[in-house]
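Enquirer: To be precise about what I am sending: the file is called model36.txt and holds compact mmCIF, C-alpha atoms.
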# COMPACT_ATOMS: atom_id res chain seq x y z
CA MET S 761 0.00 0.00 0.00
CA MET S 762 2.80 2.40 0.92
CA LEU S 763 4.68 1.58 -2.31
CA ALA S 764 1.57 2.42 -4.35
CA LYS S 765 1.35 5.83 -2.67
CA ILE S 766 5.03 6.49 -3.31
CA PHE S 767 4.61 5.47 -6.96
CA ILE S 768 1.61 7.79 -7.39
CA ASN S 769 3.56 10.65 -5.81
CA ILE S 770 6.38 10.01 -8.27
CA LEU S 771 3.85 10.07 -11.11
CA ILE S 772 2.47 13.41 -9.88
CA VAL S 773 5.95 14.96 -9.80
CA GLY S 774 6.67 13.37 -13.18
CA LEU S 775 3.45 14.85 -14.59
CA PHE S 776 4.47 18.30 -13.39
CA LEU S 777 7.96 18.01 -14.88
CA TYR S 778 6.57 16.49 -18.07
CA SER S 779 4.21 19.43 -18.58
CA LYS S 780 6.99 21.95 -17.97
CA LEU S 781 9.61 20.23 -20.16
CA LEU S 782 7.40 19.16 -23.08
CA PRO S 783 8.02 22.34 -25.13
CA TYR S 784 11.80 21.91 -24.64
CA LYS S 785 12.13 18.16 -25.10
CA ASP S 786 14.52 18.54 -28.05
CA LYS S 787 16.94 20.62 -25.96
CA LEU S 788 17.28 18.23 -23.01
CA ASN S 789 20.61 16.69 -22.05
CA PRO S 790 20.80 12.92 -22.72
CA GLN S 791 20.53 12.12 -19.00
CA TYR S 792 17.30 14.08 -18.62
CA LYS S 793 16.02 13.06 -22.05
CA THR S 794 15.97 9.43 -20.83
CA ILE S 795 13.88 10.36 -17.79
CA PHE S 796 11.59 12.50 -19.94
CA ASP S 797 11.15 9.63 -22.42
CA PHE S 798 10.22 7.30 -19.54
CA PHE S 799 7.43 9.61 -18.37
CA ASN S 800 6.43 10.31 -21.97
CA SER S 801 5.95 6.57 -22.54
CA ILE S 802 3.62 6.49 -19.53
CA PHE S 803 1.66 9.69 -20.10
CA SER S 804 1.28 9.82 -23.90
CA PRO S 805 -1.06 6.79 -24.17
CA ILE S 806 -3.10 8.06 -21.22
CA PHE S 807 -3.40 11.53 -22.74
CA ASN S 808 -4.38 10.10 -26.12
CA PHE S 809 -7.08 8.02 -24.44
CA LEU S 810 -8.39 10.95 -22.38
CA LYS S 811 -8.46 13.28 -25.41
CA SER S 812 -11.16 11.09 -26.95
CA PHE S 813 -13.42 11.91 -23.97
CA VAL S 814 -12.28 15.34 -22.76
CA LYS S 815 -12.33 18.27 -25.14
CA PRO S 816 -10.21 21.42 -24.63
CA PHE S 817 -11.86 24.03 -22.41
CA GLN S 818 -12.44 27.36 -24.15
CA VAL S 819 -11.08 30.20 -21.97
CA GLY S 820 -10.97 32.98 -24.53
CA VAL S 821 -11.22 33.87 -28.19
CA GLY S 822 -9.02 31.32 -29.94
CA LEU S 823 -7.63 30.15 -26.59
CA ALA S 824 -8.36 26.74 -25.09
CA VAL S 825 -6.81 24.75 -22.26
CA ASP S 826 -6.01 21.06 -22.68
CA MET S 827 -7.79 19.48 -19.72
CA THR S 828 -6.22 16.01 -19.98
CA GLN S 829 -3.31 16.82 -17.65
CA ILE S 830 -5.67 18.32 -15.09
CA ILE S 831 -7.98 15.31 -15.26
CA LEU S 832 -5.02 12.96 -14.82
CA LEU S 833 -3.80 14.98 -11.82
CA ILE S 834 -7.28 14.75 -10.25
CA ILE S 835 -7.27 10.99 -10.82
CA PHE S 836 -3.86 10.64 -9.16
CA LEU S 837 -4.94 12.76 -6.20
CA MET S 838 -8.12 10.72 -5.76
CA LEU S 839 -6.07 7.52 -5.88
CA LEU S 840 -3.85 8.88 -3.12
CA LYS S 841 -6.88 9.76 -1.04
CA PHE S 842 -8.54 6.35 -1.33
CA LEU S 843 -5.47 4.07 -1.10
Once you've parsed the file, please lay out its structure as structure tokens.

Expert:
Amino acid sequence: MMLAKIFINILIVGLFLYSKLLPYKDKLNPQYKTIFDFFNSIFSPIFNFLKSFVKPFQVGVGLAVDMTQIILLIIFLMLLKFL
């Protein structure tokens, strides 16, 4: 049970770093590129699945927010709460 909580916490931190580094993925050092690729292999299929259900949220004229990362964060936080 404790290992599951630690793993989910690592995924939450990984999600945060993934979202911050995604625009700069081509500029990462090889050491960090490997870590980024690991989290990308986890999150990309999940995001692709969620995008079929969750549409971007319109916040302005020609401006929308991708809600998949927020939904995934909520799922992780709920898992932490109920584990």

Enquirer: Which residue out of S:Leu810, S:Met761, S:Ile831, S:Leu771 has the minimum interatomic distance to Phe798 of chain S when all atoms listed in the file are used?

Expert: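 Selected residue with least distance to Phe798 of chain S: S:Leu771.
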
Enquirer: May I ask for the distance between atom CA of Leu833 of chain S and atom CA of Leu775 of chain S, given in Å to one decimal place?

Expert: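 So the two atoms, atom CA of Leu833 of chain S and atom CA of Leu775 of chain S, lie 7.8 Å apart.
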
Enquirer: Determine the nearest neighbour of Phe807 of chain S from the options S:Phe767, S:Met827, S:Leu777, S:Leu839, counting only C-alpha atoms.

Expert: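 For Phe807 of chain S, the nearest of the candidates is S:Met827.
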
Enquirer: Which residue is closest to Leu781 of chain S? Choose from S:Ala824, S:Val819, S:Ala764, S:Ile795 and count all atoms listed in the file.

Expert: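 Looking only at the distances to Leu781 of chain S, the closest residue turns out to be S:Ile795.
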
Enquirer: Can you tell me, as a list in words, which residues sit within 9 Å of (6.9, 13.7, -21.9) in the file's frame, using only C-alpha atoms?

Expert: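 Here the neighbourhood of the point contains Gly774, Leu775, Leu777, Tyr778, Ser779, Leu781, Leu782, Lys785, Ile795, Phe796, Asp797, Phe798, Phe799, Asn800, Ser801, Ile802, Phe803 and Ser804 of chain S.
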
Enquirer: For Ile772 of chain S, which residue among S:Tyr784, S:Phe813, S:Tyr792, S:Phe836 is the nearest when counting only C-alpha atoms?

Expert: S:Phe836

Enquirer: Could you tell me how far atom CA of Thr794 of chain S lies from atom CA of Val825 of chain S, in Å and to one decimal?

Expert: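 Separating atom CA of Thr794 of chain S from atom CA of Val825 of chain S is a distance of 27.5 Å.
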
Enquirer: For atom CA of Pro790 of chain S and atom CA of Asp826 of chain S, quote the distance in Å rounded to one decimal.

Expert: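 Going from atom CA of Pro790 of chain S over to atom CA of Asp826 of chain S, I get 28.0 Å.
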
Enquirer: Let me have the centre and edge lengths of the axis-aligned box enclosing all listed atoms of segment 776-791 of chain S with 6 Å padding on every side, in Å to one decimal, as AutoDock Vina command-line options.

Expert:
--center_x 12.5 --center_y 17.2 --center_z -20.7 --size_x 28.6 --size_y 22.2 --size_z 26.7

Enquirer: Generate a file for segment 812-826 of chain S, containing all heavy atoms, as a PDB file, in the first residue's frame.

Expert:
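That gives us decode.pdb:
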ATOM      1  N   SER S 812      -9.961  11.547 -26.247  1.00  0.00           N
ATOM      2  CA  SER S 812     -11.160  11.093 -26.946  1.00  0.00           C
ATOM      3  C   SER S 812     -12.424  11.390 -26.139  1.00  0.00           C
ATOM      4  O   SER S 812     -13.515  11.419 -26.697  1.00  0.00           O
ATOM      5  CB  SER S 812     -11.063   9.599 -27.261  1.00  0.00           C
ATOM      6  OG  SER S 812     -11.007   8.841 -26.076  1.00  0.00           O
ATOM      7  N   PHE S 813     -12.274  11.621 -24.827  1.00  0.00           N
ATOM      8  CA  PHE S 813     -13.424  11.912 -23.967  1.00  0.00           C
ATOM      9  C   PHE S 813     -13.493  13.377 -23.528  1.00  0.00           C
ATOM     10  O   PHE S 813     -14.572  13.920 -23.347  1.00  0.00           O
ATOM     11  CB  PHE S 813     -13.377  11.045 -22.700  1.00  0.00           C
ATOM     12  CG  PHE S 813     -13.445   9.586 -22.975  1.00  0.00           C
ATOM     13  CD1 PHE S 813     -12.317   8.794 -22.866  1.00  0.00           C
ATOM     14  CD2 PHE S 813     -14.633   8.994 -23.362  1.00  0.00           C
ATOM     15  CE1 PHE S 813     -12.376   7.439 -23.119  1.00  0.00           C
ATOM     16  CE2 PHE S 813     -14.706   7.640 -23.628  1.00  0.00           C
ATOM     17  CZ  PHE S 813     -13.567   6.853 -23.510  1.00  0.00           C
ATOM     18  N   VAL S 814     -12.344  13.992 -23.320  1.00  0.00           N
ATOM     19  CA  VAL S 814     -12.278  15.343 -22.762  1.00  0.00           C
ATOM     20  C   VAL S 814     -11.822  16.304 -23.849  1.00  0.00           C
ATOM     21  O   VAL S 814     -10.744  16.160 -24.414  1.00  0.00           O
ATOM     22  CB  VAL S 814     -11.293  15.389 -21.569  1.00  0.00           C
ATOM     23  CG1 VAL S 814     -11.230  16.784 -20.994  1.00  0.00           C
ATOM     24  CG2 VAL S 814     -11.675  14.381 -20.511  1.00  0.00           C
ATOM     25  N   LYS S 815     -12.656  17.263 -24.138  1.00  0.00           N
ATOM     26  CA  LYS S 815     -12.327  18.273 -25.140  1.00  0.00           C
ATOM     27  C   LYS S 815     -11.646  19.466 -24.463  1.00  0.00           C
ATOM     28  O   LYS S 815     -11.860  19.726 -23.283  1.00  0.00           O
ATOM     29  CB  LYS S 815     -13.599  18.746 -25.860  1.00  0.00           C
ATOM     30  CG  LYS S 815     -14.349  17.615 -26.543  1.00  0.00           C
ATOM     31  CD  LYS S 815     -13.496  16.969 -27.594  1.00  0.00           C
ATOM     32  CE  LYS S 815     -14.233  15.818 -28.250  1.00  0.00           C
ATOM     33  NZ  LYS S 815     -13.388  14.790 -28.751  1.00  0.00           N
ATOM     34  N   PRO S 816     -10.831  20.216 -25.209  1.00  0.00           N
ATOM     35  CA  PRO S 816     -10.211  21.418 -24.628  1.00  0.00           C
ATOM     36  C   PRO S 816     -11.265  22.409 -24.133  1.00  0.00           C
ATOM     37  O   PRO S 816     -12.333  22.545 -24.727  1.00  0.00           O
ATOM     38  CB  PRO S 816      -9.411  22.002 -25.793  1.00  0.00           C
ATOM     39  CG  PRO S 816      -9.180  20.847 -26.711  1.00  0.00           C
ATOM     40  CD  PRO S 816     -10.376  19.964 -26.566  1.00  0.00           C
ATOM     41  N   PHE S 817     -10.952  23.071 -23.036  1.00  0.00           N
ATOM     42  CA  PHE S 817     -11.862  24.034 -22.412  1.00  0.00           C
ATOM     43  C   PHE S 817     -11.572  25.428 -22.955  1.00  0.00           C
ATOM     44  O   PHE S 817     -10.452  25.926 -22.840  1.00  0.00           O
ATOM     45  CB  PHE S 817     -11.684  23.991 -20.887  1.00  0.00           C
ATOM     46  CG  PHE S 817     -12.641  24.844 -20.135  1.00  0.00           C
ATOM     47  CD1 PHE S 817     -13.969  24.475 -20.021  1.00  0.00           C
ATOM     48  CD2 PHE S 817     -12.226  26.011 -19.534  1.00  0.00           C
ATOM     49  CE1 PHE S 817     -14.866  25.250 -19.323  1.00  0.00           C
ATOM     50  CE2 PHE S 817     -13.101  26.810 -18.829  1.00  0.00           C
ATOM     51  CZ  PHE S 817     -14.435  26.422 -18.720  1.00  0.00           C
ATOM     52  N   GLN S 818     -12.582  26.037 -23.551  1.00  0.00           N
ATOM     53  CA  GLN S 818     -12.442  27.359 -24.152  1.00  0.00           C
ATOM     54  C   GLN S 818     -12.364  28.418 -23.049  1.00  0.00           C
ATOM     55  O   GLN S 818     -13.276  28.556 -22.238  1.00  0.00           O
ATOM     56  CB  GLN S 818     -13.648  27.638 -25.059  1.00  0.00           C
ATOM     57  CG  GLN S 818     -13.496  28.835 -25.945  1.00  0.00           C
ATOM     58  CD  GLN S 818     -12.595  28.548 -27.138  1.00  0.00           C
ATOM     59  OE1 GLN S 818     -12.451  27.412 -27.554  1.00  0.00           O
ATOM     60  NE2 GLN S 818     -11.998  29.578 -27.672  1.00  0.00           N
ATOM     61  N   VAL S 819     -11.260  29.172 -22.997  1.00  0.00           N
ATOM     62  CA  VAL S 819     -11.077  30.198 -21.971  1.00  0.00           C
ATOM     63  C   VAL S 819     -10.981  31.598 -22.563  1.00  0.00           C
ATOM     64  O   VAL S 819     -10.846  32.569 -21.825  1.00  0.00           O
ATOM     65  CB  VAL S 819      -9.826  29.910 -21.098  1.00  0.00           C
ATOM     66  CG1 VAL S 819     -10.034  28.655 -20.284  1.00  0.00           C
ATOM     67  CG2 VAL S 819      -8.576  29.816 -21.940  1.00  0.00           C
ATOM     68  N   GLY S 820     -11.044  31.692 -23.867  1.00  0.00           N
ATOM     69  CA  GLY S 820     -10.971  32.984 -24.526  1.00  0.00           C
ATOM     70  C   GLY S 820     -11.155  32.806 -26.020  1.00  0.00           C
ATOM     71  O   GLY S 820     -11.355  31.697 -26.513  1.00  0.00           O
ATOM     72  N   VAL S 821     -11.074  33.906 -26.742  1.00  0.00           N
ATOM     73  CA  VAL S 821     -11.218  33.867 -28.191  1.00  0.00           C
ATOM     74  C   VAL S 821      -9.968  33.216 -28.786  1.00  0.00           C
ATOM     75  O   VAL S 821      -8.867  33.738 -28.667  1.00  0.00           O
ATOM     76  CB  VAL S 821     -11.423  35.284 -28.764  1.00  0.00           C
ATOM     77  CG1 VAL S 821     -11.527  35.233 -30.281  1.00  0.00           C
ATOM     78  CG2 VAL S 821     -12.645  35.934 -28.155  1.00  0.00           C
ATOM     79  N   GLY S 822     -10.147  32.040 -29.358  1.00  0.00           N
ATOM     80  CA  GLY S 822      -9.024  31.321 -29.943  1.00  0.00           C
ATOM     81  C   GLY S 822      -8.061  30.753 -28.919  1.00  0.00           C
ATOM     82  O   GLY S 822      -6.927  30.419 -29.245  1.00  0.00           O
ATOM     83  N   LEU S 823      -8.492  30.640 -27.672  1.00  0.00           N
ATOM     84  CA  LEU S 823      -7.626  30.151 -26.593  1.00  0.00           C
ATOM     85  C   LEU S 823      -8.357  29.066 -25.818  1.00  0.00           C
ATOM     86  O   LEU S 823      -9.437  29.294 -25.268  1.00  0.00           O
ATOM     87  CB  LEU S 823      -7.248  31.299 -25.657  1.00  0.00           C
ATOM     88  CG  LEU S 823      -6.299  30.992 -24.523  1.00  0.00           C
ATOM     89  CD1 LEU S 823      -4.954  30.522 -25.068  1.00  0.00           C
ATOM     90  CD2 LEU S 823      -6.106  32.214 -23.651  1.00  0.00           C
ATOM     91  N   ALA S 824      -7.767  27.869 -25.801  1.00  0.00           N
ATOM     92  CA  ALA S 824      -8.362  26.744 -25.090  1.00  0.00           C
ATOM     93  C   ALA S 824      -7.286  26.046 -24.271  1.00  0.00           C
ATOM     94  O   ALA S 824      -6.114  26.039 -24.630  1.00  0.00           O
ATOM     95  CB  ALA S 824      -8.993  25.771 -26.076  1.00  0.00           C
ATOM     96  N   VAL S 825      -7.713  25.456 -23.163  1.00  0.00           N
ATOM     97  CA  VAL S 825      -6.810  24.754 -22.260  1.00  0.00           C
ATOM     98  C   VAL S 825      -7.041  23.255 -22.422  1.00  0.00           C
ATOM     99  O   VAL S 825      -8.176  22.779 -22.355  1.00  0.00           O
ATOM    100  CB  VAL S 825      -7.061  25.167 -20.790  1.00  0.00           C
ATOM    101  CG1 VAL S 825      -6.210  24.355 -19.839  1.00  0.00           C
ATOM    102  CG2 VAL S 825      -6.812  26.646 -20.608  1.00  0.00           C
ATOM    103  N   ASP S 826      -5.938  22.509 -22.618  1.00  0.00           N
ATOM    104  CA  ASP S 826      -6.013  21.060 -22.684  1.00  0.00           C
ATOM    105  C   ASP S 826      -6.260  20.535 -21.273  1.00  0.00           C
ATOM    106  O   ASP S 826      -5.425  20.701 -20.381  1.00  0.00           O
ATOM    107  CB  ASP S 826      -4.714  20.506 -23.265  1.00  0.00           C
ATOM    108  CG  ASP S 826      -4.713  18.995 -23.383  1.00  0.00           C
ATOM    109  OD1 ASP S 826      -5.805  18.388 -23.302  1.00  0.00           O
ATOM    110  OD2 ASP S 826      -3.622  18.428 -23.573  1.00  0.00           O
TER     111      ASP S 826
END
